[in-house]
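Text of my_file-v1.txt, listed as compact mmCIF, C-alpha atoms:
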# COMPACT_ATOMS: atom_id res chain seq x y z
CA MET A 1007 -2.78 1.79 0.39
CA SER A 1008 -5.41 1.84 3.04
CA ASP A 1009 -4.43 3.98 6.01
CA ARG A 1010 -4.57 1.69 9.06
CA SER A 1011 -3.45 2.88 12.43
CA THR A 1012 -3.81 0.34 15.21
CA MET A 1013 -1.05 -1.83 16.52
CA THR A 1014 0.25 -4.52 18.82
CA SER A 1015 2.75 -4.17 21.66
CA PRO A 1016 6.15 -2.54 20.97
CA THR A 1017 8.51 -4.45 18.74
CA ARG A 1018 11.85 -3.73 20.36
CA GLU A 1019 13.54 -2.37 23.44
CA TRP A 1020 13.21 1.32 22.71
CA THR A 1021 15.09 4.05 24.51
CA ALA A 1022 14.36 7.75 24.35
CA GLU A 1023 17.48 8.15 22.21
CA SER A 1024 16.58 5.40 19.74
CA LEU A 1025 13.01 6.68 19.44
CA ALA A 1026 14.30 10.18 18.73
CA ALA A 1027 16.74 8.92 16.10
CA HIS A 1028 14.12 6.83 14.32
CA TYR A 1029 11.64 9.69 14.50
CA VAL A 1030 14.06 11.91 12.59
CA GLU A 1031 14.75 9.15 10.04
CA VAL A 1032 11.07 8.56 9.25
CA ARG A 1033 10.15 12.23 9.16
CA ASP A 1034 13.08 13.15 6.95
CA HIS A 1035 12.16 10.41 4.47
CA THR A 1036 8.72 11.96 3.96
CA GLU A 1037 10.32 15.30 3.14
CA ARG A 1038 12.75 13.68 0.71
CA LEU A 1039 9.81 12.12 -1.13
CA ALA A 1040 8.04 15.49 -1.35
CA ALA A 1041 11.16 17.43 -2.33
CA PRO A 1042 10.86 16.94 -6.14
CA LEU A 1043 7.36 18.44 -6.10
CA SER A 1044 6.42 22.08 -6.49
CA PRO A 1045 3.91 23.74 -4.13
CA GLU A 1046 1.41 23.54 -6.99
CA ASP A 1047 2.05 19.79 -7.41
CA GLN A 1048 1.43 19.32 -3.69
CA THR A 1049 -2.00 20.97 -3.79
CA VAL A 1050 -3.69 19.00 -6.58
CA GLN A 1051 -6.32 16.35 -5.84
CA SER A 1052 -6.95 14.54 -9.11
CA MET A 1053 -9.76 12.24 -7.90
CA PRO A 1054 -11.56 11.58 -4.58
CA ASP A 1055 -9.30 8.62 -3.66
CA VAL A 1056 -6.18 10.79 -4.06
CA SER A 1057 -5.03 13.21 -1.38
CA PRO A 1058 -2.73 16.18 -2.04
CA THR A 1059 0.91 15.70 -1.08
CA LYS A 1060 0.78 18.54 1.41
CA TRP A 1061 -2.22 16.88 3.08
CA HIS A 1062 -0.24 13.68 3.60
CA ARG A 1063 2.64 15.69 5.08
CA ALA A 1064 0.24 17.49 7.40
CA HIS A 1065 -1.88 14.52 8.40
CA VAL A 1066 1.05 12.41 9.65
CA THR A 1067 2.15 15.48 11.63
CA TRP A 1068 -1.36 15.83 13.03
CA PHE A 1069 -1.09 12.22 14.22
CA PHE A 1070 1.92 12.97 16.43
CA GLU A 1071 0.38 16.21 17.66
CA THR A 1072 -2.95 14.53 18.46
CA PHE A 1073 -1.90 11.24 20.00
CA LEU A 1074 1.44 12.17 21.59
CA LEU A 1075 1.68 15.89 22.25
CA GLN A 1076 -1.91 16.56 23.30
CA PRO A 1077 -1.94 14.05 26.16
CA HIS A 1078 1.72 14.34 27.19
CA GLU A 1079 3.04 17.85 26.49
CA ALA A 1080 2.87 20.28 29.41
CA GLY A 1081 0.70 23.26 28.56
CA PHE A 1082 -0.35 21.74 25.26
CA ALA A 1083 -1.95 23.97 22.65
CA PRO A 1084 -2.47 22.95 19.00
CA PHE A 1085 -0.20 24.58 16.45
CA GLN A 1086 -3.27 25.94 14.68
CA ASP A 1087 -6.87 25.31 15.72
CA THR A 1088 -8.12 24.79 12.17
CA TYR A 1089 -5.45 22.17 11.44
CA TRP A 1090 -7.14 19.92 13.99
CA PHE A 1091 -10.15 19.87 11.66
CA LEU A 1092 -8.40 19.98 8.27
CA PHE A 1093 -5.95 17.15 8.78
CA ASN A 1094 -7.99 14.59 10.69
CA SER A 1095 -8.74 11.65 8.39
CA TYR A 1096 -11.24 9.14 9.74
CA TYR A 1097 -10.98 9.46 13.51
CA GLU A 1098 -14.57 10.02 14.58
CA GLY A 1099 -13.50 9.96 18.23
CA VAL A 1100 -11.22 12.97 17.77
CA GLY A 1101 -13.77 15.32 16.26
CA PRO A 1102 -15.14 16.63 12.94
CA ARG A 1103 -13.17 16.27 9.74
CA TYR A 1104 -12.97 18.06 6.43
CA ALA A 1105 -14.45 16.04 3.54
CA ARG A 1106 -11.89 13.74 1.95
CA ALA A 1107 -13.08 14.37 -1.60
CA GLU A 1108 -12.58 18.13 -1.18
CA ARG A 1109 -9.01 18.20 0.19
CA GLY A 1110 -7.78 19.65 -3.08
CA LEU A 1111 -9.88 22.78 -2.51
CA VAL A 1112 -7.79 23.76 0.50
CA SER A 1113 -5.24 26.03 -1.18
CA ARG A 1114 -4.31 27.45 2.22
CA PRO A 1115 -2.37 26.48 4.23
CA GLY A 1116 0.12 26.00 1.43
CA ALA A 1117 3.01 23.59 1.18
CA HIS A 1118 5.34 26.05 2.90
CA GLU A 1119 2.96 26.51 5.84
CA VAL A 1120 2.66 22.73 6.14
CA GLY A 1121 6.45 22.62 6.33
CA ALA A 1122 6.33 25.09 9.22
CA TYR A 1123 3.73 22.90 10.94
CA ARG A 1124 5.96 19.86 10.54
CA ALA A 1125 8.97 21.73 11.90
CA ASN A 1126 7.03 22.94 14.93
CA VAL A 1127 5.69 19.51 15.84
CA ASP A 1128 9.11 17.93 15.23
CA GLU A 1129 10.73 20.37 17.65
CA ARG A 1130 8.08 19.66 20.29
CA MET A 1131 8.31 15.91 19.78
CA ARG A 1132 12.09 16.01 20.21
CA ALA A 1133 11.63 18.00 23.41
CA LEU A 1134 9.08 15.46 24.64
CA LEU A 1135 11.41 12.54 23.87
CA ASP A 1136 14.30 14.28 25.63
CA ARG A 1137 12.27 14.38 28.85
CA LEU A 1138 11.15 10.75 28.89
CA ASP A 1139 12.32 8.48 31.68
CA ASP A 1140 12.48 4.71 31.18
CA GLY A 1141 8.99 4.09 32.54
CA THR A 1142 7.41 6.70 30.32
CA VAL A 1143 9.30 5.36 27.30
CA ASP A 1144 7.75 1.96 27.90
CA LYS A 1145 4.33 3.57 28.14
CA LEU A 1146 4.56 5.75 25.04
CA ALA A 1147 6.71 3.59 22.75
CA PRO A 1148 3.77 1.65 21.23
CA THR A 1149 2.02 4.84 20.12
CA ILE A 1150 5.22 6.48 18.88
CA GLU A 1151 6.12 3.35 16.93
CA LEU A 1152 2.63 3.28 15.51
CA GLY A 1153 3.23 6.83 14.34
CA PHE A 1154 6.34 5.66 12.48
CA HIS A 1155 4.43 2.96 10.62
CA HIS A 1156 1.49 5.26 10.01
CA GLU A 1157 3.82 7.77 8.36
CA GLN A 1158 5.37 5.01 6.24
CA GLN A 1159 1.90 4.10 5.01
CA HIS A 1160 1.42 7.70 3.92
CA GLN A 1161 4.83 7.75 2.25
CA GLU A 1162 3.55 5.02 -0.06
CA LEU A 1163 0.24 6.80 -0.51
CA LEU A 1164 2.05 10.05 -1.31
CA LEU A 1165 3.83 8.33 -4.21
CA MET A 1166 0.73 6.51 -5.48
CA ASP A 1167 -1.28 9.72 -5.31
CA ILE A 1168 1.24 11.97 -7.04
CA LYS A 1169 1.55 9.34 -9.77
CA HIS A 1170 -2.12 9.87 -10.52
CA VAL A 1171 -1.84 13.63 -10.21
CA LEU A 1172 1.02 13.81 -12.73
CA SER A 1173 -0.75 11.39 -15.08
CA ARG A 1174 -3.59 13.91 -15.41
CA ASN A 1175 -1.23 16.68 -16.46
CA PRO A 1176 -1.19 16.82 -20.29
CA LEU A 1177 2.59 17.28 -20.13
CA GLN A 1178 2.87 14.10 -17.98
CA PRO A 1179 5.87 15.40 -16.03
CA VAL A 1180 8.36 12.98 -14.48
CA TYR A 1181 8.55 12.60 -10.70
CA GLY A 1182 11.92 10.86 -10.70
CA GLY A 1183 13.87 7.73 -11.50
CA ARG A 1184 14.54 6.01 -14.79
CA PRO A 1185 13.49 2.75 -16.47
CA ALA A 1186 15.11 -0.35 -15.04
CA ALA A 1187 16.98 -2.80 -17.23
CA SER A 1188 14.61 -5.31 -18.79
CA THR A 1189 14.99 -9.04 -19.33
CA ALA A 1190 12.88 -11.70 -21.00
CA PRO A 1191 11.07 -13.70 -18.32
CA GLY A 1192 10.75 -17.43 -18.55
CA ALA A 1193 7.47 -19.30 -18.46
CA ILE A 1194 5.62 -19.24 -15.17
CA GLY A 1195 6.77 -22.02 -12.87
CA TRP A 1196 4.89 -23.52 -9.98
CA VAL A 1197 5.76 -24.03 -6.33
CA ASP A 1198 4.02 -27.09 -4.88
CA VAL A 1199 2.69 -26.70 -1.35
CA GLU A 1200 1.37 -29.64 0.64
CA GLY A 1201 -1.14 -27.67 2.66
CA GLY A 1202 -2.65 -29.23 5.75
CA LEU A 1203 -3.22 -27.57 9.11
CA VAL A 1204 -1.02 -24.44 9.15
CA GLU A 1205 -0.62 -21.32 11.25
CA ILE A 1206 -0.95 -17.82 9.81
CA GLY A 1207 -0.96 -14.35 11.28
CA HIS A 1208 1.58 -12.41 13.28
CA ASP A 1209 3.30 -14.21 16.13
CA GLY A 1210 3.71 -11.12 18.31
CA ALA A 1211 7.47 -10.75 17.80
CA GLY A 1212 7.84 -7.33 16.22
CA PHE A 1213 5.43 -4.65 15.13
CA ALA A 1214 2.12 -5.56 13.54
CA PHE A 1215 -1.20 -3.86 12.99
CA ASP A 1216 -4.01 -5.38 14.97
CA ASN A 1217 -5.62 -6.90 11.87
CA GLU A 1218 -2.63 -9.26 11.56
CA LEU A 1219 -3.62 -10.87 14.88
CA PRO A 1220 -4.26 -13.27 16.41
CA ARG A 1221 -2.11 -16.01 14.95
CA HIS A 1222 -4.41 -18.89 14.24
CA ARG A 1223 -4.76 -22.18 12.43
CA ALA A 1224 -6.15 -22.67 8.96
CA PHE A 1225 -6.58 -25.82 6.90
CA LEU A 1226 -5.29 -25.74 3.32
CA GLU A 1227 -5.77 -28.31 0.61
CA PRO A 1228 -2.65 -29.04 -1.50
CA TYR A 1229 -2.07 -26.23 -4.00
CA ARG A 1230 0.44 -24.52 -6.27
CA LEU A 1231 1.56 -20.91 -6.27
CA ALA A 1232 3.11 -19.23 -9.32
CA ASP A 1233 6.79 -18.51 -8.85
CA ARG A 1234 6.54 -14.99 -10.32
CA LEU A 1235 4.05 -12.27 -11.08
CA VAL A 1236 2.00 -12.04 -14.26
CA THR A 1237 3.78 -9.87 -16.83
CA ASN A 1238 2.68 -7.14 -19.20
CA GLY A 1239 3.35 -9.51 -22.08
CA GLU A 1240 0.91 -12.04 -20.66
CA TRP A 1241 -1.60 -9.26 -20.05
CA LEU A 1242 -1.32 -8.23 -23.69
CA GLU A 1243 -2.19 -11.82 -24.65
CA PHE A 1244 -5.24 -11.62 -22.39
CA MET A 1245 -6.30 -8.40 -24.09
CA ALA A 1246 -5.68 -9.79 -27.58
CA ASP A 1247 -7.90 -12.76 -26.75
CA GLY A 1248 -10.80 -10.45 -25.90
CA GLY A 1249 -10.19 -10.37 -22.17
CA TYR A 1250 -12.05 -7.08 -21.73
CA GLU A 1251 -14.85 -8.09 -24.13
CA ARG A 1252 -15.75 -11.55 -22.79
CA HIS A 1253 -18.39 -11.44 -20.08
CA ASP A 1254 -17.81 -15.12 -19.27
CA LEU A 1255 -14.44 -14.28 -17.65
CA TRP A 1256 -15.74 -11.68 -15.23
CA LEU A 1257 -17.50 -11.50 -11.90
CA SER A 1258 -20.85 -9.75 -12.35
CA ASP A 1259 -19.81 -6.57 -10.54
CA GLY A 1260 -16.55 -6.52 -12.46
CA TRP A 1261 -18.26 -6.86 -15.82
CA ALA A 1262 -20.54 -3.96 -14.88
CA ARG A 1263 -17.43 -1.83 -14.17
CA VAL A 1264 -15.83 -2.83 -17.48
CA GLN A 1265 -18.92 -1.65 -19.31
CA SER A 1266 -19.66 1.49 -17.28
CA GLU A 1267 -16.04 2.74 -17.16
CA GLY A 1268 -14.82 1.46 -20.51
CA TRP A 1269 -11.90 -0.60 -19.22
CA ARG A 1270 -9.69 -1.89 -22.03
CA ALA A 1271 -6.32 -2.25 -20.32
CA PRO A 1272 -4.59 -1.67 -16.96
CA PHE A 1273 -5.14 1.71 -15.37
CA TYR A 1274 -2.14 3.69 -16.63
CA TRP A 1275 -2.04 2.21 -20.15
CA THR A 1276 -2.90 4.35 -23.18
CA GLU A 1277 -3.01 3.22 -26.81
CA VAL A 1278 -1.45 5.58 -29.37
CA ASP A 1279 -1.48 4.56 -33.05
CA GLY A 1280 -1.77 0.89 -32.12
CA VAL A 1281 1.04 1.00 -29.54
CA TRP A 1282 0.35 0.70 -25.81
CA PHE A 1283 2.14 3.13 -23.48
CA GLU A 1284 2.37 3.00 -19.68
CA HIS A 1285 2.59 6.03 -17.43
CA THR A 1286 5.08 5.64 -14.56
CA LEU A 1287 6.71 7.96 -12.06
CA HIS A 1288 9.75 8.02 -14.36
CA GLY A 1289 7.74 8.99 -17.43
CA THR A 1290 5.47 7.48 -20.07
CA TRP A 1291 7.00 4.64 -22.05
CA PRO A 1292 5.97 1.86 -24.43
CA VAL A 1293 4.67 -1.08 -22.42
CA ASP A 1294 7.56 -3.40 -21.55
CA PRO A 1295 6.33 -7.01 -21.90
CA ALA A 1296 8.84 -8.23 -19.29
CA LEU A 1297 7.64 -6.05 -16.42
CA PRO A 1298 4.92 -7.12 -13.99
CA ALA A 1299 1.41 -6.07 -14.96
CA CYS A 1300 0.28 -3.53 -12.39
CA HIS A 1301 -2.49 -1.11 -11.51
CA VAL A 1302 -5.18 -3.71 -12.09
CA SER A 1303 -8.26 -4.15 -9.93
CA HIS A 1304 -9.32 -7.31 -8.14
CA TYR A 1305 -11.95 -7.73 -10.82
CA GLU A 1306 -9.29 -7.68 -13.54
CA ALA A 1307 -7.00 -9.99 -11.57
CA ASP A 1308 -9.82 -12.49 -11.14
CA ALA A 1309 -10.79 -12.29 -14.82
CA PHE A 1310 -7.19 -12.87 -15.90
CA ALA A 1311 -6.91 -15.88 -13.59
CA THR A 1312 -10.13 -17.32 -15.05
CA TRP A 1313 -8.83 -16.77 -18.59
CA ALA A 1314 -5.57 -18.51 -17.65
CA GLY A 1315 -7.43 -21.51 -16.22
CA LYS A 1316 -6.18 -20.67 -12.73
CA ARG A 1317 -7.35 -18.67 -9.75
CA LEU A 1318 -6.12 -16.14 -7.21
CA PRO A 1319 -4.62 -17.52 -4.00
CA THR A 1320 -6.31 -17.07 -0.68
CA GLU A 1321 -4.35 -14.92 1.73
CA ALA A 1322 -3.64 -17.99 3.88
CA GLU A 1323 -2.21 -19.80 0.84
CA TRP A 1324 -0.09 -16.80 -0.07
CA GLU A 1325 1.31 -16.37 3.44
CA HIS A 1326 2.02 -20.06 3.99
CA ALA A 1327 3.73 -20.54 0.63
CA VAL A 1328 5.84 -17.41 0.97
CA ALA A 1329 6.83 -18.36 4.51
CA LEU A 1330 8.15 -21.70 3.22
CA HIS A 1331 9.45 -20.87 -0.23
CA ALA A 1332 10.19 -17.14 -0.59
CA ALA A 1333 13.25 -16.25 -2.66
CA ASP A 1334 13.42 -12.79 -1.08
CA ASP A 1335 12.47 -11.13 2.19
CA PRO A 1336 10.86 -7.80 3.08
CA ALA A 1337 14.07 -6.33 4.50
CA GLY A 1338 16.02 -6.70 1.28
CA SER A 1339 13.39 -6.36 -1.42
CA LEU A 1340 11.87 -2.92 -1.22
CA ASP A 1341 14.31 -0.35 -2.59
CA ARG A 1342 12.95 0.52 -6.02
CA SER A 1343 13.81 4.23 -5.78
CA ALA A 1344 15.98 4.05 -8.90
CA SER A 1345 12.85 3.56 -11.01
CA TRP A 1346 9.85 3.83 -8.62
CA HIS A 1347 8.38 0.92 -10.54
CA PRO A 1348 8.24 -2.90 -10.39
CA SER A 1349 11.22 -4.74 -11.83
CA ALA A 1350 11.34 -7.63 -14.27
CA ASP A 1351 11.71 -11.13 -12.87
CA LEU A 1352 15.33 -12.29 -12.94
CA GLY A 1353 14.43 -15.86 -13.84
CA ALA A 1354 14.22 -19.26 -12.23
CA GLU A 1355 16.93 -20.52 -9.92
CA ALA A 1356 18.91 -23.70 -10.32
CA ASP A 1357 17.44 -25.40 -7.27
CA ALA A 1358 13.80 -26.05 -6.39
CA PRO A 1359 11.26 -23.42 -7.51
CA ARG A 1360 10.94 -20.45 -5.18
CA VAL A 1361 8.35 -17.69 -4.78
CA ARG A 1362 9.98 -14.64 -6.37
CA GLN A 1363 8.81 -11.01 -6.45
CA ALA A 1364 6.98 -11.49 -3.18
CA PHE A 1365 7.63 -8.13 -1.54
CA GLY A 1366 9.21 -5.38 -3.66
CA ASP A 1367 7.24 -5.10 -6.89
CA CYS A 1368 3.43 -5.24 -6.71
CA TRP A 1369 0.87 -5.74 -4.01
CA GLN A 1370 -0.80 -9.03 -4.92
CA TRP A 1371 -4.53 -9.53 -4.93
CA THR A 1372 -5.91 -12.53 -3.09
CA SER A 1373 -9.36 -14.07 -3.24
CA SER A 1374 -9.90 -13.34 0.46
CA ALA A 1375 -12.37 -10.79 1.71
CA TYR A 1376 -10.96 -8.43 4.31
CA LEU A 1377 -12.37 -9.72 7.59
CA GLY A 1378 -11.10 -10.06 11.13
CA TYR A 1379 -9.21 -13.19 12.05
CA PRO A 1380 -10.86 -15.57 14.52
CA GLY A 1381 -10.68 -13.86 17.90
CA PHE A 1382 -9.98 -10.38 16.49
CA HIS A 1383 -11.16 -7.48 18.62
CA PRO A 1384 -10.42 -3.85 17.70
CA PRO A 1385 -8.79 -1.77 20.43
CA GLU A 1386 -10.86 0.77 22.30
CA GLY A 1387 -10.74 4.49 21.64
CA ALA A 1388 -10.10 6.67 18.61
CA ILE A 1389 -6.74 5.13 17.81
CA GLY A 1390 -8.45 1.80 17.19
CA GLU A 1391 -10.82 3.03 14.48
CA TYR A 1392 -8.86 2.25 11.34
CA ASN A 1393 -9.25 -1.50 10.96
CA GLY A 1394 -12.41 -3.09 12.26
CA LYS A 1395 -14.80 -0.55 10.79
CA PHE A 1396 -13.46 -1.17 7.27
CA MET A 1397 -14.00 -4.92 7.31
CA SER A 1398 -16.72 -4.85 4.67
CA GLY A 1399 -16.52 -4.60 0.90
CA GLN A 1400 -12.72 -4.88 0.70
CA MET A 1401 -10.32 -7.51 -0.63
CA VAL A 1402 -6.93 -8.43 0.86
CA LEU A 1403 -3.62 -7.83 -0.91
CA ARG A 1404 -0.31 -9.24 0.27
CA GLY A 1405 3.40 -8.54 -0.08
CA GLY A 1406 4.50 -5.00 -0.81
CA CYS A 1407 5.26 -2.88 -3.84
CA ALA A 1408 7.91 -0.72 -5.44
CA LEU A 1409 6.57 2.30 -3.53
CA THR A 1410 6.52 0.68 -0.08
CA SER A 1411 9.00 2.29 2.29
CA PRO A 1412 12.01 0.13 3.23
CA GLY A 1413 11.40 -1.65 6.51
CA HIS A 1414 7.62 -1.39 6.30
CA ALA A 1415 6.60 -4.68 4.63
CA ARG A 1416 6.39 -8.07 6.33
CA LEU A 1417 5.03 -11.55 5.70
CA THR A 1418 1.78 -11.05 7.64
CA TYR A 1419 0.92 -7.53 6.42
CA ARG A 1420 -2.71 -7.31 5.27
CA ASN A 1421 -3.32 -4.49 2.83
CA PHE A 1422 -6.87 -4.00 1.57
CA PHE A 1423 -8.75 -2.10 -1.11
CA PRO A 1424 -12.21 -2.23 -2.70
CA PRO A 1425 -12.30 -4.74 -5.58
CA GLY A 1426 -12.65 -2.02 -8.20
CA ALA A 1427 -9.59 -0.01 -7.07
CA ARG A 1428 -6.97 0.41 -9.80
CA TRP A 1429 -4.75 3.32 -8.72
CA ALA A 1430 -2.88 1.23 -6.13
CA LEU A 1431 0.29 -0.51 -7.31
CA SER A 1432 -1.36 -3.93 -7.44
CA GLY A 1433 -0.57 -6.97 -9.57
CA VAL A 1434 -1.35 -10.66 -9.96
CA ARG A 1435 0.14 -13.92 -8.77
CA LEU A 1436 -1.73 -17.03 -9.86
CA ALA A 1437 -2.55 -20.17 -7.90
CA ASP A 1438 -4.18 -23.48 -8.61
CA GLY A 1439 -4.70 -26.89 -7.11
CA GLY A 1440 -3.58 -29.07 -9.97
CA ALA A 1441 -0.98 -29.52 -12.67
CA PRO A 1442 0.53 -26.34 -14.11
CA SER A 1443 -0.52 -25.14 -17.54
CA GLU A 1444 0.52 -22.42 -19.94
CA VAL A 1445 -0.81 -18.93 -19.19
CA GLY A 1446 -3.49 -18.15 -21.75
CA ARG A 1447 -5.71 -20.46 -23.71

Spell out the structure here as structure tokens.
Amino acid sequence: MSDRSTMTSPTREWTAESLAAHYVEVRDHTERLAAPLSPEDQTVQSMPDVSPTKWHRAHVTWFFETFLLQPHEAGFAPFQDTYWFLFNSYYEGVGPRYARAERGLVSRPGAHEVGAYRANVDERMRALLDRLDDGTVDKLAPTIELGFHHEQQHQELLLMDIKHVLSRNPLQPVYGGRPAASTAPGAIGWVDVEGGLVEIGHDGAGFAFDNELPRHRAFLEPYRLADRLVTNGEWLEFMADGGYERHDLWLSDGWARVQSEGWRAPFYWTEVDGVWFEHTLHGTWPVDPALPACHVSHYEADAFATWAGKRLPTEAEWEHAVALHAADDPAGSLDRSASWHPSADLGAEADAPRVRQAFGDCWQWTSSAYLGYPGFHPPEGAIGEYNGKFMSGQMVLRGGCALTSPGHARLTYRNFFPPGARWALSGVRLADGGAPSEVGR
């Protein structure tokens, strides 16, 4: 997940007490996620896009120290001068940063020292919150709430990153969880959407990152959205039909990646004696045809859609259709901690088709480039750096995934990654503008 850290106005009537309680809840959840990992696990950086677990734990702590304690704590002094440098991410306005691709070389401070850093900042943050009067609460609540959502982003990143780290270990150790019960999915169904002049984007009621604003109008032609995600079984059909060997299915840049990196299957799939296995946080298992296909790039998603005679939805189509026809909602769809993996679709409902698996399984690629909405302006200052400057060379994903923290997803959330990224928990939902057809041809 891309780390984005700018926001709108506060989402609720916060008090010092409620801020303190939620602070503890968010911070404790990060430590629960890190608890199954050894200090050695927490130090490894298995590729440049992955950050060590202890770095995530330290960076979110640095955020509260930098943007809350520094300007508002009497007699402020940083916990450790070098941490200011080590655990900055992309904030040019704050000062120099240690190279992202070399975070795994920082063996010290260790995981235990990072825990001491977290404990120190937590104690100071609680003391700060205890002293806030109502006027100061109103002033600081937006930044504190931003810190909550920023940490939730890194909770998801922590899980995605350790998944890659453990996959590189020849023993492929298990992080946690167990396989979920499987079921045979039905054929893809289609949800008809009239289109027309619609409104998308956040309406200002509740928290949102600045890239979800302003709410604006968009015109959509009539279209259809698939009622579920593409499955592993359908991806196997794509592969069997030469999906990774047919240049006619691929965007030019995607085909170049297929050839240069030898793509033959989704990112965590490995073939052993003619059988495909998938690495997950709960172990490495034979590919389950019923589960959603995941860890595919935008290039792969687009190639699959072309093979299927369909296309990827635009982000406006995705948001509008889900707003009208979702079978689930972000609040109730994101607890996958039993397996830490997407679940199989439970099947069509008796009434009109609905958009299922919208929020709690895979981030879903769209065909939309990541750009600012009409009227978008990034906030001033260092805290506004994380959105506008990345609006080039990225594609938008929507929904949420099995690793997204409960309470963090929403209809208007705009995730983004480069089109070749595969380590994120991303999948595929098809769209088209005509009559439905069978997946595959």

Using only C-alpha atoms, which residues of segment 1165-1270 of chain A come within 9 Å of segment 1417-1431 of chain A, and what is the closest atom pair for each, with the distance in Å to one decimal? Give it as a tab-separated table, sorted by chain and residue number.
residue	atom	partner	partner_atom	distance
A:Met1166	CA	A:Ala1430	CA	6.4
A:Asp1167	CA	A:Trp1429	CA	8.0
A:Lys1169	CA	A:Trp1429	CA	8.8
A:His1170	CA	A:Trp1429	CA	7.3
A:Ile1206	CA	A:Thr1418	CA	7.6
A:Gly1207	CA	A:Thr1418	CA	5.6
A:His1208	CA	A:Thr1418	CA	5.8
A:Ala1214	CA	A:Tyr1419	CA	7.5
A:Phe1215	CA	A:Tyr1419	CA	7.8
A:Asn1217	CA	A:Arg1420	CA	7.2
A:Glu1218	CA	A:Thr1418	CA	6.2
A:Asp1259	CA	A:Gly1426	CA	8.8
A:Gly1260	CA	A:Gly1426	CA	7.3
A:Arg1263	CA	A:Gly1426	CA	7.7

His1065 of chain A: which residues within 8 Å, counting only C-alpha atoms, same-chain residues fewer than 4 positions away excluded, as a PDB file with C-alpha atoms, in the coordinates of the input?
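What ended up in out_32.pdb:
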ATOM      1  CA  TRP A1061      -2.220  16.880   3.080  1.00  0.00           C
ATOM      2  CA  PHE A1069      -1.090  12.220  14.220  1.00  0.00           C
ATOM      3  CA  PHE A1093      -5.950  17.150   8.780  1.00  0.00           C
ATOM      4  CA  ASN A1094      -7.990  14.590  10.690  1.00  0.00           C
ATOM      5  CA  SER A1095      -8.740  11.650   8.390  1.00  0.00           C
TER       6      SER A1095
END

Requested in this report: Pick out the residues sitting within 10 Å of Leu1231 of chain A, and hand them over as a ChimeraX atom specification; count all atoms listed in the file, and ignore anything fewer than 2 positions along from it in its own chain.
Outcome: /A:1194-1199,1229,1233-1234,1317-1319,1323-1324,1327-1328,1331,1360-1361,1435-1439,1442

Report task. Would you mind telling me which residue in A:Leu1330, A:Cys1300, A:Met1053, A:Leu1409 lies nearest to Gly1201 of chain A when using all atoms listed in the file? Result ->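 Result for the nearest residue to Gly1201 of chain A: A:Leu1330.
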
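In this model, the gap between atom CA of Gly1315 of chain A and atom CA of Ala1364 of chain A comes to 21.9 Å.
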
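Using only C-alpha atoms, the smallest distance between any of A:Ala1246, A:Ala1262, A:Ala1332, A:Val1434 and Ser1303 of chain A comes from A:Val1434.
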
**Report entry** Selected residue of minimal separation from Leu1203 of chain A among A:Glu1251, A:Ala1322, A:Arg1230, A:Ser1024, counting all atoms listed in the file
**Finding:**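 Nearest to Leu1203 of chain A: A:Ala1322.
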
Query raised in the report: Mind pulling up the distance from atom CA of Ser1345 of chain A to atom CA of Gly1182 of chain A?
Result: 7.4 Å

Query raised in the report: Near Trp1241 of chain A, within 10 Å and counting only C-alpha atoms, which residues show up once chain neighbours fewer than 4 positions away are dropped, as a VMD selection string?
Result: chain A and resid 1236 to 1237 1245 to 1247 1249 1271 to 1272 1295 1298 to 1300 1310 1445 to 1446

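Between atom CA of Asn1238 of chain A and atom CA of Val1302 of chain A the interatomic distance comes to 11.1 Å.
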